[in-house]
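Data first, discussion second: the structure below is written as structure tokens.
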Amino acid sequence: MNSPLKQARLRRNATLTDVAEVVGTNRGNLSRIENGLQKARPKLAEKLATYFGHEITEIQILYPERYSPADAGVDA
């Protein structure tokens, strides 16, 4: 899944580790959230939206399947 969260992270050239450390989670959790294997908790979604300067919203993080591009099955 090419989620809005993953797209935002890649646009900033940030690593999973970099983002995870700032928002207080671990790399594995963030990876699973980006790939649609795990849902973010609301507090984490809020922290991620803030980290990305609200370039993406909490709703996009909580419900990535609604906001992913048509080619969601193709990894960038």
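If you're wondering about the labels, chains in the structure tokens are A, B, ... by order shown, residues count from 1 in each chain, ligands from 1 in order shown.
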Which polymer residues have any atom within 10 Å of an atom of region 18-32 of chain A, counting only C-alpha atoms, with same-chain residues fewer than 2 positions away left out, as an MDAnalysis selection string? chainID A and resid 5:6 9 13:16 34:40 43:52
Excluding region 63-65 of chain A and its own-chain neighbours fewer than 3 positions away, which residues fall within 8 Å of it when counting only C-alpha atoms? Please give them as an MDAnalysis selection string. chainID A and resid 3:5 36 59:60 68
